[in-house]
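To be precise, the following lines are data_23.cif, and they hold mmCIF, C-alpha atoms (C1' of nucleotides).
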```
data_data
loop_
_atom_site.label_atom_id
_atom_site.label_comp_id
_atom_site.auth_asym_id
_atom_site.auth_seq_id
_atom_site.Cartn_x
_atom_site.Cartn_y
_atom_site.Cartn_z
CA MET A 1 -50.13 -9.02 -1.28
CA GLY A 2 -48.56 -12.19 -2.55
CA LEU A 3 -45.44 -12.53 -4.56
CA ASN A 4 -45.41 -13.41 -8.19
CA SER A 5 -43.33 -16.38 -9.06
CA PHE A 6 -40.11 -15.80 -10.96
CA THR A 7 -40.49 -17.12 -14.43
CA ARG A 8 -38.10 -16.76 -17.28
CA ASP A 9 -39.40 -14.05 -19.53
CA ASN A 10 -37.47 -14.77 -22.63
CA SER A 11 -39.76 -13.42 -25.26
CA ILE A 12 -37.94 -10.09 -25.65
CA PHE A 13 -34.30 -10.34 -24.61
CA GLU A 14 -32.07 -13.06 -25.85
CA ASN A 15 -29.11 -11.66 -23.95
CA GLU A 16 -29.64 -8.36 -22.22
CA THR A 17 -26.11 -8.26 -20.82
CA VAL A 18 -24.82 -6.72 -24.01
CA LEU A 19 -26.96 -3.65 -23.40
CA ARG A 20 -25.57 -3.01 -19.98
CA ASP A 21 -23.07 -0.26 -19.21
CA GLU A 22 -20.48 -2.71 -17.96
CA TYR A 23 -20.43 -4.66 -21.20
CA THR A 24 -17.32 -4.05 -23.26
CA PRO A 25 -17.64 -5.01 -26.91
CA ASP A 26 -14.60 -6.67 -28.47
CA ASP A 27 -14.69 -4.39 -31.45
CA LEU A 28 -15.60 -0.80 -31.86
CA LEU A 29 -17.81 0.25 -34.73
CA GLU A 30 -17.64 3.55 -36.60
CA ARG A 31 -14.38 4.62 -34.98
CA ASP A 32 -11.87 3.31 -37.53
CA ASP A 33 -10.22 6.66 -38.14
CA GLU A 34 -9.78 7.37 -34.47
CA LEU A 35 -8.38 3.92 -33.78
CA ALA A 36 -5.89 4.27 -36.64
CA ALA A 37 -4.73 7.64 -35.35
CA TYR A 38 -4.48 6.25 -31.86
CA GLN A 39 -2.33 3.33 -32.94
CA ASN A 40 -0.18 5.64 -34.96
CA ALA A 41 0.45 7.83 -31.94
CA LEU A 42 1.64 4.80 -30.01
CA ARG A 43 3.93 3.50 -32.72
CA PRO A 44 7.14 4.87 -31.12
CA VAL A 45 6.60 2.48 -28.24
CA ILE A 46 6.87 -0.62 -30.38
CA ASN A 47 10.09 0.71 -31.82
CA GLY A 48 11.50 1.03 -28.36
CA ALA A 49 11.48 4.81 -28.42
CA PRO A 50 10.05 6.99 -25.65
CA PRO A 51 6.28 7.20 -25.91
CA LYS A 52 4.47 10.31 -26.99
CA ASN A 53 2.06 11.84 -24.58
CA ILE A 54 -1.46 11.59 -25.89
CA PHE A 55 -4.57 13.54 -25.16
CA LEU A 56 -8.04 12.30 -26.05
CA TYR A 57 -10.91 14.71 -26.30
CA GLY A 58 -14.57 13.92 -26.73
CA GLN A 59 -17.85 13.82 -24.90
CA THR A 60 -18.93 10.87 -22.80
CA GLY A 61 -20.05 7.74 -24.58
CA VAL A 62 -18.14 8.30 -27.82
CA GLY A 63 -15.72 5.43 -27.31
CA LYS A 64 -12.65 7.01 -25.74
CA THR A 65 -12.25 4.58 -22.88
CA ILE A 66 -13.07 1.53 -24.97
CA SER A 67 -10.62 2.61 -27.66
CA THR A 68 -7.94 2.95 -25.03
CA ASP A 69 -8.73 -0.52 -23.73
CA LEU A 70 -8.56 -2.07 -27.17
CA VAL A 71 -5.50 -0.25 -28.43
CA LEU A 72 -3.44 -0.77 -25.31
CA SER A 73 -4.18 -4.46 -24.98
CA GLN A 74 -3.28 -4.87 -28.65
CA LEU A 75 -0.06 -2.98 -28.01
CA GLN A 76 0.79 -5.10 -25.03
CA SER A 77 0.27 -8.38 -26.78
CA ASP A 78 2.18 -7.21 -29.86
CA ALA A 79 5.05 -6.07 -27.68
CA GLU A 80 5.49 -9.56 -26.29
CA GLN A 81 7.24 -10.77 -29.44
CA TYR A 82 10.11 -8.34 -28.77
CA ASP A 83 12.38 -9.41 -25.95
CA ASP A 84 13.72 -5.96 -25.31
CA LEU A 85 10.25 -4.47 -24.80
CA GLY A 86 7.92 -4.54 -21.84
CA VAL A 87 4.83 -2.37 -21.83
CA GLU A 88 2.99 -1.75 -18.59
CA THR A 89 -0.22 0.22 -18.43
CA ILE A 90 -1.51 1.94 -15.35
CA TYR A 91 -5.13 3.03 -15.41
CA LEU A 92 -6.67 5.55 -13.08
CA ASN A 93 -10.06 7.18 -13.26
CA CYS A 94 -9.67 10.71 -11.92
CA LYS A 95 -13.35 11.31 -11.42
CA ASP A 96 -13.84 12.84 -7.96
CA LEU A 97 -10.15 13.65 -7.74
CA SER A 98 -9.87 17.39 -7.87
CA THR A 99 -6.17 17.97 -7.28
CA SER A 100 -2.82 16.74 -8.54
CA TYR A 101 -1.96 15.58 -5.07
CA GLN A 102 -4.93 13.24 -4.97
CA VAL A 103 -4.14 11.88 -8.41
CA ALA A 104 -0.57 11.18 -7.34
CA ALA A 105 -1.69 9.50 -4.12
CA ASN A 106 -4.23 7.40 -5.97
CA LEU A 107 -1.65 6.36 -8.54
CA VAL A 108 0.52 5.11 -5.70
CA ASN A 109 -2.47 3.14 -4.49
CA VAL A 110 -3.03 1.63 -7.93
CA PHE A 111 0.48 0.21 -7.73
CA ARG A 112 -0.04 -0.99 -4.21
CA ALA A 113 -3.37 -2.62 -5.00
CA ASP A 114 -1.52 -5.27 -7.02
CA ASP A 115 0.86 -5.93 -4.20
CA PRO A 116 -0.66 -7.48 -1.07
CA ASP A 117 2.52 -6.82 0.92
CA GLN A 118 2.01 -3.09 0.84
CA SER A 119 -0.96 -1.31 2.29
CA THR A 120 -2.53 1.58 0.48
CA ILE A 121 -1.70 5.08 1.61
CA SER A 122 -4.04 7.73 2.84
CA THR A 123 -4.87 10.49 0.41
CA THR A 124 -4.19 13.23 2.92
CA GLY A 125 -1.52 13.97 5.45
CA TYR A 126 1.72 13.32 3.57
CA PRO A 127 3.91 16.11 2.35
CA GLN A 128 3.50 16.47 -1.38
CA SER A 129 7.09 15.57 -2.21
CA MET A 130 6.81 12.31 -0.31
CA VAL A 131 3.88 11.21 -2.42
CA TYR A 132 5.81 11.95 -5.59
CA ASP A 133 8.83 10.07 -4.25
CA MET A 134 6.67 7.04 -3.58
CA LEU A 135 5.30 7.29 -7.08
CA TRP A 136 8.77 7.43 -8.68
CA GLU A 137 9.82 4.47 -6.62
CA HIS A 138 6.93 2.36 -7.90
CA LEU A 139 7.59 3.39 -11.48
CA GLU A 140 11.24 2.51 -11.04
CA ASP A 141 10.32 -0.92 -9.75
CA LEU A 142 8.30 -1.80 -12.83
CA ASP A 143 9.73 -4.58 -14.96
CA GLY A 144 8.77 -3.03 -18.26
CA THR A 145 10.64 -0.59 -20.39
CA HIS A 146 7.56 1.54 -20.96
CA ALA A 147 4.97 2.70 -18.46
CA LEU A 148 1.84 4.16 -19.99
CA ILE A 149 -0.27 5.99 -17.47
CA VAL A 150 -3.89 6.41 -18.47
CA LEU A 151 -5.68 9.19 -16.65
CA ASP A 152 -9.38 8.90 -17.42
CA GLU A 153 -11.60 11.94 -16.86
CA VAL A 154 -8.50 13.92 -16.11
CA ASP A 155 -10.34 17.21 -16.59
CA SER A 156 -11.74 16.88 -13.10
CA ILE A 157 -8.46 18.16 -11.69
CA GLY A 158 -9.27 21.56 -13.15
CA THR A 159 -6.41 24.01 -13.22
CA ASP A 160 -4.20 22.19 -10.74
CA ASP A 161 -2.03 20.47 -13.33
CA GLY A 162 1.18 19.80 -11.41
CA ILE A 163 0.94 16.05 -11.86
CA LEU A 164 0.63 16.49 -15.61
CA TYR A 165 3.87 18.42 -15.56
CA GLN A 166 5.71 15.97 -13.33
CA LEU A 167 4.77 12.66 -14.93
CA PRO A 168 6.04 13.17 -18.47
CA ARG A 169 9.25 14.64 -17.08
CA ALA A 170 9.84 11.78 -14.66
CA SER A 171 12.50 10.19 -16.84
CA THR A 172 14.23 13.31 -18.12
CA ALA A 173 14.35 14.84 -14.65
CA GLY A 174 16.06 11.73 -13.37
CA HIS A 175 13.34 10.62 -10.98
CA VAL A 176 12.85 7.43 -12.93
CA THR A 177 15.58 5.67 -14.89
CA ASP A 178 15.20 2.47 -16.93
CA THR A 179 11.52 3.13 -17.62
CA TYR A 180 9.96 5.48 -20.15
CA VAL A 181 6.87 7.16 -18.80
CA GLY A 182 4.05 8.21 -21.11
CA VAL A 183 0.80 9.88 -20.19
CA ILE A 184 -2.50 9.29 -21.91
CA GLY A 185 -5.07 11.82 -20.76
CA ILE A 186 -8.74 11.33 -21.48
CA CYS A 187 -11.13 14.22 -21.08
CA ASN A 188 -14.71 15.08 -21.80
CA ASN A 189 -14.17 18.76 -21.73
CA PHE A 190 -12.82 20.57 -24.77
CA THR A 191 -11.92 23.65 -22.82
CA PHE A 192 -9.64 21.72 -20.49
CA ARG A 193 -6.67 22.29 -22.73
CA ASP A 194 -7.05 26.05 -22.46
CA ASN A 195 -6.96 25.88 -18.69
CA LEU A 196 -3.62 24.14 -18.61
CA SER A 197 -0.53 26.12 -17.84
CA ALA A 198 1.84 26.81 -20.73
CA ARG A 199 4.53 24.46 -19.45
CA VAL A 200 2.11 21.55 -19.41
CA LYS A 201 0.68 22.29 -22.82
CA ASP A 202 4.14 22.06 -24.35
CA THR A 203 5.06 18.69 -22.94
CA LEU A 204 1.73 17.00 -22.73
CA CYS A 205 -0.19 17.87 -25.83
CA GLU A 206 2.21 16.28 -28.27
CA GLU A 207 -0.55 14.26 -29.81
CA GLU A 208 -4.22 15.17 -29.65
CA LEU A 209 -7.03 12.91 -30.75
CA HIS A 210 -10.55 14.14 -31.11
CA PHE A 211 -13.53 11.85 -30.84
CA LYS A 212 -16.60 13.35 -32.42
CA PRO A 213 -20.11 12.59 -31.18
CA TYR A 214 -21.81 9.84 -33.14
CA ASP A 215 -24.36 10.96 -35.68
CA ALA A 216 -27.70 9.22 -36.11
CA ASN A 217 -26.41 6.91 -38.84
CA GLN A 218 -23.46 5.74 -36.81
CA LEU A 219 -25.62 5.23 -33.75
CA GLY A 220 -28.00 3.23 -35.92
CA THR A 221 -25.19 0.90 -36.96
CA ILE A 222 -24.05 0.44 -33.39
CA LEU A 223 -27.54 -0.16 -32.09
CA ARG A 224 -28.38 -2.67 -34.82
CA HIS A 225 -25.21 -4.58 -34.15
CA ARG A 226 -25.85 -4.71 -30.44
CA ALA A 227 -29.57 -5.36 -30.79
CA GLU A 228 -28.89 -8.41 -32.89
CA LYS A 229 -27.24 -10.06 -29.92
CA ALA A 230 -29.53 -8.62 -27.29
CA PHE A 231 -33.01 -9.20 -28.71
CA PHE A 232 -34.69 -12.15 -30.31
CA ASP A 233 -35.41 -11.90 -34.03
CA ASP A 234 -38.38 -9.78 -35.07
CA VAL A 235 -38.92 -8.37 -31.60
CA LEU A 236 -38.04 -4.82 -32.57
CA GLU A 237 -40.47 -2.99 -34.79
CA SER A 238 -38.81 -1.23 -37.67
CA ASP A 239 -39.00 2.28 -36.23
CA VAL A 240 -37.40 1.43 -32.87
CA ILE A 241 -33.75 1.67 -33.76
CA PRO A 242 -34.07 4.75 -35.97
CA ALA A 243 -35.99 6.50 -33.19
CA ALA A 244 -33.46 5.59 -30.51
CA ALA A 245 -30.59 6.58 -32.80
CA ALA A 246 -32.22 9.90 -33.62
CA TYR A 247 -32.81 10.79 -29.97
CA GLY A 248 -29.32 9.71 -29.05
CA ALA A 249 -27.71 11.79 -31.77
CA GLN A 250 -29.85 14.78 -31.01
CA GLU A 251 -29.26 14.80 -27.29
CA SER A 252 -25.69 13.73 -26.82
CA GLY A 253 -24.21 11.70 -29.63
CA SER A 254 -23.39 9.18 -26.93
CA ALA A 255 -23.57 5.48 -27.69
CA ARG A 256 -23.98 4.76 -24.01
CA GLN A 257 -27.09 6.84 -23.79
CA ALA A 258 -28.61 5.48 -26.97
CA LEU A 259 -28.05 1.93 -25.72
CA LYS A 260 -29.61 2.78 -22.40
CA LEU A 261 -32.64 4.07 -24.25
CA LEU A 262 -32.94 0.90 -26.27
CA TYR A 263 -32.53 -1.23 -23.17
CA LYS A 264 -35.20 0.67 -21.29
CA ALA A 265 -37.58 0.45 -24.22
CA GLY A 266 -37.12 -3.30 -24.25
CA ASP A 267 -37.69 -3.35 -20.53
CA LEU A 268 -41.00 -1.56 -20.94
CA ALA A 269 -42.18 -4.07 -23.50
CA ARG A 270 -41.21 -6.88 -21.16
CA GLU A 271 -43.03 -5.32 -18.23
CA GLY A 272 -46.10 -4.90 -20.38
CA GLU A 273 -45.75 -8.54 -21.40
CA ARG A 274 -45.87 -7.61 -25.02
CA SER A 275 -44.01 -9.53 -27.67
CA THR A 276 -42.63 -6.57 -29.61
CA VAL A 277 -40.90 -3.31 -28.82
CA THR A 278 -42.48 -0.27 -30.43
CA GLY A 279 -41.49 3.28 -31.20
CA GLU A 280 -43.85 4.32 -28.45
CA ASP A 281 -41.77 2.33 -25.97
CA VAL A 282 -38.76 4.35 -27.03
CA GLU A 283 -40.68 7.55 -26.46
CA ASN A 284 -41.78 6.45 -23.00
CA ALA A 285 -38.33 5.17 -22.14
CA ARG A 286 -36.92 8.57 -22.92
CA GLU A 287 -39.33 10.20 -20.52
CA LEU A 288 -38.52 7.72 -17.76
CA ILE A 289 -34.79 8.10 -18.18
CA ALA A 290 -35.08 11.87 -17.93
CA LYS A 291 -37.13 11.59 -14.73
CA ASP A 292 -34.72 9.09 -13.25
CA ARG A 293 -31.82 11.35 -13.97
CA ILE A 294 -33.39 14.31 -12.19
CA GLY A 295 -34.40 12.11 -9.29
CA ASP A 296 -30.87 10.77 -8.89
CA GLU A 297 -29.33 14.19 -9.14
CA VAL A 298 -31.63 15.62 -6.48
CA ASN A 299 -31.09 12.66 -4.20
CA SER A 300 -27.34 12.89 -4.35
CA LEU A 301 -27.36 16.58 -3.45
CA PRO A 302 -25.78 17.56 -0.12
CA THR A 303 -28.12 18.97 2.50
CA GLN A 304 -27.32 22.57 1.67
CA GLY A 305 -28.05 21.98 -1.99
CA LYS A 306 -31.37 20.40 -1.12
CA LEU A 307 -32.21 23.31 1.15
CA ALA A 308 -31.54 25.75 -1.65
CA LEU A 309 -33.75 23.70 -3.94
CA THR A 310 -36.43 23.44 -1.27
CA ALA A 311 -36.47 27.22 -1.00
CA VAL A 312 -37.19 27.52 -4.71
CA TYR A 313 -39.78 24.77 -4.43
CA THR A 314 -41.75 26.41 -1.63
CA LEU A 315 -41.58 29.75 -3.40
CA GLU A 316 -42.92 28.08 -6.51
CA ARG A 317 -45.75 26.49 -4.55
CA ARG A 318 -46.77 29.93 -3.34
CA GLY A 319 -46.61 31.25 -6.87
CA GLU A 320 -43.74 33.58 -6.13
CA THR A 321 -41.44 32.34 -8.84
CA PRO A 322 -39.48 33.18 -10.87
CA SER A 323 -37.54 34.77 -8.08
CA LYS A 324 -34.24 36.48 -7.62
CA ARG A 325 -31.51 35.01 -5.51
CA ILE A 326 -32.20 37.44 -2.63
CA GLN A 327 -35.75 36.16 -2.25
CA ILE A 328 -34.52 32.61 -2.47
CA HIS A 329 -31.90 33.27 0.14
CA GLU A 330 -34.45 34.75 2.55
CA GLU A 331 -36.65 31.70 2.10
CA TYR A 332 -33.63 29.47 2.50
CA GLU A 333 -32.64 31.16 5.77
CA ARG A 334 -36.06 30.38 7.23
CA HIS A 335 -35.83 26.72 6.20
CA ALA A 336 -32.26 26.24 7.36
CA SER A 337 -32.85 27.67 10.81
CA ALA A 338 -36.11 25.71 11.10
CA ILE A 339 -34.25 22.42 10.78
CA ASP A 340 -31.22 23.65 12.71
CA ALA A 341 -28.80 23.48 9.82
CA ASP A 342 -25.94 25.88 9.19
CA VAL A 343 -27.09 29.03 7.46
CA LEU A 344 -24.79 29.85 4.61
CA SER A 345 -24.12 33.24 3.12
CA ILE A 346 -25.80 34.44 -0.02
CA ARG A 347 -22.62 33.92 -2.01
CA SER A 348 -22.60 30.21 -1.22
CA ILE A 349 -26.28 29.80 -2.01
CA HIS A 350 -25.66 31.56 -5.26
CA ASP A 351 -23.10 28.86 -6.10
CA ARG A 352 -25.60 26.13 -5.21
CA LEU A 353 -28.19 27.71 -7.44
CA SER A 354 -25.92 27.95 -10.46
CA ASP A 355 -24.91 24.35 -9.85
CA LEU A 356 -28.56 23.32 -9.87
CA ARG A 357 -29.04 25.32 -13.02
CA LEU A 358 -26.13 23.61 -14.75
CA LYS A 359 -27.53 20.22 -13.84
CA GLY A 360 -30.81 21.16 -15.45
CA ILE A 361 -32.77 20.88 -12.23
CA LEU A 362 -33.57 24.58 -12.11
CA ASP A 363 -34.43 26.92 -14.91
CA GLY A 364 -32.56 30.18 -14.71
CA GLU A 365 -33.42 33.09 -16.93
CA GLU A 366 -30.92 35.88 -17.23
CA ARG A 367 -32.53 39.28 -17.16
CA ASN A 368 -31.27 42.79 -17.41
CA ASP A 369 -33.43 45.76 -16.57
CA GLY A 370 -30.67 48.23 -17.23
CA ARG A 371 -30.21 51.31 -15.15
CA GLY A 372 -32.43 51.01 -12.11
CA GLY A 373 -32.63 47.25 -12.49
CA GLY A 374 -29.28 45.78 -13.40
CA SER A 375 -28.74 42.21 -14.54
CA TYR A 376 -29.71 39.17 -12.55
CA TYR A 377 -30.98 35.62 -12.77
CA GLN A 378 -34.52 34.53 -12.12
CA TYR A 379 -34.90 30.95 -10.98
CA GLN A 380 -37.82 28.57 -11.19
CA LEU A 381 -38.41 24.84 -11.24
CA GLY A 382 -39.73 24.44 -14.72
CA ASP A 383 -41.98 21.50 -15.52
CA ARG A 384 -40.45 19.16 -12.95
CA GLU A 385 -42.12 20.53 -9.84
CA ASP A 386 -43.92 17.31 -8.90
CA ILE A 387 -40.92 14.99 -9.13
CA ILE A 388 -38.67 17.36 -7.25
CA GLY A 389 -41.23 17.93 -4.52
CA GLU A 390 -41.73 14.21 -4.12
CA ILE A 391 -38.04 13.54 -3.72
CA LEU A 392 -37.38 16.42 -1.36
CA GLN A 393 -40.12 15.21 0.94
CA GLU A 394 -38.54 11.80 1.13
CA ASP A 395 -35.51 13.35 2.80
CA GLU A 396 -35.66 12.83 6.52
CA ARG A 397 -34.14 16.10 7.60
CA LEU A 398 -36.23 18.12 5.23
CA SER A 399 -39.59 16.47 5.75
CA ALA A 400 -40.41 18.82 8.65
CA LEU A 401 -40.54 21.69 6.18
CA PHE A 402 -43.55 20.41 4.27
"C1'" DC B 403 -22.55 57.70 -26.12
"C1'" DC B 404 -22.03 57.58 -21.37
"C1'" DT B 405 -23.64 56.18 -16.84
"C1'" DC B 406 -24.91 53.38 -13.45
"C1'" DC B 407 -27.84 49.59 -11.47
"C1'" DA B 408 -27.62 45.07 -9.42
"C1'" DC B 409 -26.16 41.38 -9.96
"C1'" DA B 410 -22.46 37.28 -11.72
"C1'" DG B 411 -18.70 35.04 -10.79
"C1'" DG B 412 -13.41 35.14 -10.02
"C1'" DA B 413 -9.83 35.39 -6.46
"C1'" DA B 414 -8.02 35.28 -2.12
"C1'" DA B 415 -8.44 34.82 2.66
"C1'" DA B 416 -10.30 32.25 6.45
"C1'" DA B 417 -12.22 28.49 8.71
"C1'" DG B 418 -12.73 23.57 8.99
"C1'" DT B 419 -11.44 18.50 8.04
"C1'" DG B 420 -8.61 14.38 8.30
"C1'" DG B 421 -4.48 12.15 8.60
"C1'" DG B 422 0.79 11.63 9.72
"C1'" DC B 423 4.60 12.00 12.91
"C1'" DG B 424 7.52 12.61 17.04
"C1'" DC C 425 -1.18 15.20 22.48
"C1'" DG C 426 0.25 19.10 19.74
"C1'" DC C 427 1.75 20.35 15.51
"C1'" DC C 428 2.34 19.94 10.54
"C1'" DC C 429 0.61 19.08 5.81
"C1'" DA C 430 -2.72 19.38 2.19
"C1'" DC C 431 -7.33 19.52 1.04
"C1'" DT C 432 -12.29 21.40 1.08
"C1'" DT C 433 -15.83 24.62 2.09
"C1'" DT C 434 -17.33 29.10 3.17
"C1'" DT C 435 -16.76 33.97 3.55
"C1'" DT C 436 -15.09 38.26 2.13
"C1'" DC C 437 -13.74 41.30 -1.35
"C1'" DC C 438 -13.85 42.92 -5.77
"C1'" DT C 439 -13.91 43.49 -10.83
"C1'" DG C 440 -16.77 42.88 -14.93
"C1'" DT C 441 -21.02 43.34 -17.56
"C1'" DG C 442 -25.53 44.39 -20.60
"C1'" DG C 443 -28.60 47.62 -21.52
"C1'" DA C 444 -32.38 51.35 -20.00
"C1'" DG C 445 -32.36 55.91 -18.94
"C1'" DG C 446 -30.20 60.03 -19.24
#
```
Can you present the structure in this file as structure tokens?
Amino acid sequence: MGLNSFTRDNSIFENETVLRDEYTPDDLLERDDELAAYQNALRPVINGAPPKNIFLYGQTGVGKTISTDLVLSQLQSDAEQYDDLGVETIYLNCKDLSTSYQVAANLVNVFRADDPDQSTISTTGYPQSMVYDMLWEHLEDLDGTHALIVLDEVDSIGTDDGILYQLPRASTAGHVTDTYVGVIGICNNFTFRDNLSARVKDTLCEEELHFKPYDANQLGTILRHRAEKAFFDDVLESDVIPAAAAYGAQESGSARQALKLLYKAGDLAREGERSTVTGEDVENARELIAKDRIGDEVNSLPTQGKLALTAVYTLERRGETPSKRIQIHEEYERHASAIDADVLSIRSIHDRLSDLRLKGILDGEERNDGRGGGSYYQYQLGDREDIIGEILQEDERLSALF
DNA sequence: CCTCCACAGGAAAAAGTGGGCG
DNA sequence: CGCCCACTTTTTCCTGTGGAGG
């Protein structure tokens, strides 16, 4: 097999960069109300007053992070004209950080990342109070009068909200003088607020901004705007953007996802060496993205999760699905001991299974047969058996099971 | 309308992990 | 090296629940 030569295939994309995830637009469409509210909430800062704590709610891809970017950089540059004002922003993405301790330790590391003299600290091992002390010290050392701490995806810390209690109180409790500390929390989960303890709710939720999912019209505007830069003229057939916008609105209301769909559709047209992108490309792109997602999810599962899934898979192959968790656990026990892995209790497997169900990899039907039956879940693979089987067999440790 | 099955899923205890410090 | 700290994962224990059969 020989290689094809690399040639510039410029008939579809004029500049595909603008469709990528990493691309940050310099203005944000269809979010005027939210931006106005956001700026309003930050107004005390420009007056030299202590900042309000702000909470942003909304699903992924509705512009929360980009709004924060835009509003804060505007605030910083506007603050420069006042000599008695210095606004510092500290950004931390809390994804994968499940406790307050880790958030605090990572915040310390954000400070230290800018400073080559200091090495970053480990995220385990220190007593909790020492980590907080280090954090106060760094905040104290800031030049500015205001420190705005942005905690993105803060809902991943769950119910352990100690850091959210400590940070806003840093100045009043005397840990930090000379600098006002404000917290901006961004979360995807609307129920996060309810999980917070009462003391945190009082201090932290002074200002709440809600970002609604985009509807099909708004997505259409965004896509058209972006497509104009990304594609050459007349490449998109007229039904492409409406179709992508409709799918996007229907599934998530996320601009990110709608853009991904449009990008993939363009990609398909390019692969097929066609000169236009059609509605059919959008349809196919949607299918591919869904498959990719499942594939990625399965691949990133830990061994025990894969074993649980394998158990359902082999049961399905034998036509014994939908099955109850006891059957699945028995099957799982056979597999796990066959490959010499730890055999977990039924309670743990039950957690794996509901995790798989939440991710949409497994279908779980809740049943209740009443007295003599009780209520239980029945699991099966749904219409994704072939993809899942394929991916499981690629796993080295598991391949012996097939 | 009450009971009672068989599970779901929360909570707490226990076991295990990784790093700091003297 | 032994011990402490804080976290994570797993196990153990237990309360809660919807509806068929009484």
Output check: residues returned by the PyMOL selection byres ((chain B and resi 413) around 9), as a JSON list (two decimals) with C-alpha atoms (C1' of nucleotides), in the frame of the given file:
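Result file out00.json:
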```
[["chain", "number", "residue", "atom", "x", "y", "z"],
["B", 412, "DG", "C1'", -13.41, 35.14, -10.02],
["B", 414, "DA", "C1'", -8.02, 35.28, -2.12],
["C", 437, "DC", "C1'", -13.74, 41.30, -1.35],
["C", 438, "DC", "C1'", -13.85, 42.92, -5.77]]
```
Select all residues from chain A having any atom no more than 12 Å from an atom of chain B (counting only C-alpha atoms (C1' of nucleotides), ignoring ligands), output as a ChimeraX atom specification.
/A:121-127,130,324-326,347-348,350-351,353-354,366-378
For a quick test of understanding: name the residues of chain C lying within 9 Å of chain A when counting all atoms listed in the file, and present them as an NGL selection string.
:C and (428-431 or 434-435 or 441-445)
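Separating atom CA of Asp355 of chain A from atom CA of Ile163 of chain A is a distance of 27.2 Å.
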Residues returned when the PyMOL selection byres ((chain A and resi 39) around 12) runs on this file, as a ChimeraX atom specification
/A:32-38,40-46,51-52,54,67-76,78,207,209
Working from the structure I just supplied, which lacks atoms in segment 168-172 of chain A, can you model all heavy atoms there and output them as a short mmCIF file (atom, residue, chain, number, x, y, z; two decimals), in the frame of the given file?
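Once everything was written out, this is result_31.cif:
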```cif
data_model
loop_
_atom_site.label_atom_id
_atom_site.label_comp_id
_atom_site.auth_asym_id
_atom_site.auth_seq_id
_atom_site.Cartn_x
_atom_site.Cartn_y
_atom_site.Cartn_z
N PRO A 168 5.29 13.36 -17.22
CA PRO A 168 6.04 13.17 -18.47
C PRO A 168 7.52 13.47 -18.29
O PRO A 168 8.35 12.99 -19.06
CB PRO A 168 5.42 14.20 -19.41
CG PRO A 168 4.17 14.65 -18.77
CD PRO A 168 4.34 14.45 -17.31
N ARG A 169 7.86 14.27 -17.28
CA ARG A 169 9.25 14.64 -17.08
C ARG A 169 9.98 13.66 -16.17
O ARG A 169 11.17 13.85 -15.91
CB ARG A 169 9.32 16.05 -16.49
CG ARG A 169 8.86 17.13 -17.42
CD ARG A 169 8.89 18.50 -16.77
NE ARG A 169 10.26 18.98 -16.50
CZ ARG A 169 10.83 19.00 -15.31
NH1 ARG A 169 10.19 18.55 -14.26
NH2 ARG A 169 12.06 19.48 -15.16
N ALA A 170 9.26 12.66 -15.67
CA ALA A 170 9.84 11.78 -14.66
C ALA A 170 11.17 11.22 -15.13
O ALA A 170 12.14 11.18 -14.37
CB ALA A 170 8.87 10.67 -14.31
N SER A 171 11.25 10.79 -16.40
CA SER A 171 12.50 10.19 -16.84
C SER A 171 13.57 11.23 -17.14
O SER A 171 14.73 11.05 -16.77
CB SER A 171 12.27 9.28 -18.05
OG SER A 171 11.18 9.69 -18.80
N THR A 172 13.20 12.32 -17.80
CA THR A 172 14.23 13.31 -18.12
C THR A 172 14.76 14.01 -16.87
O THR A 172 15.92 14.38 -16.81
CB THR A 172 13.69 14.38 -19.10
OG1 THR A 172 12.41 14.81 -18.62
CG2 THR A 172 13.56 13.81 -20.48
#
```
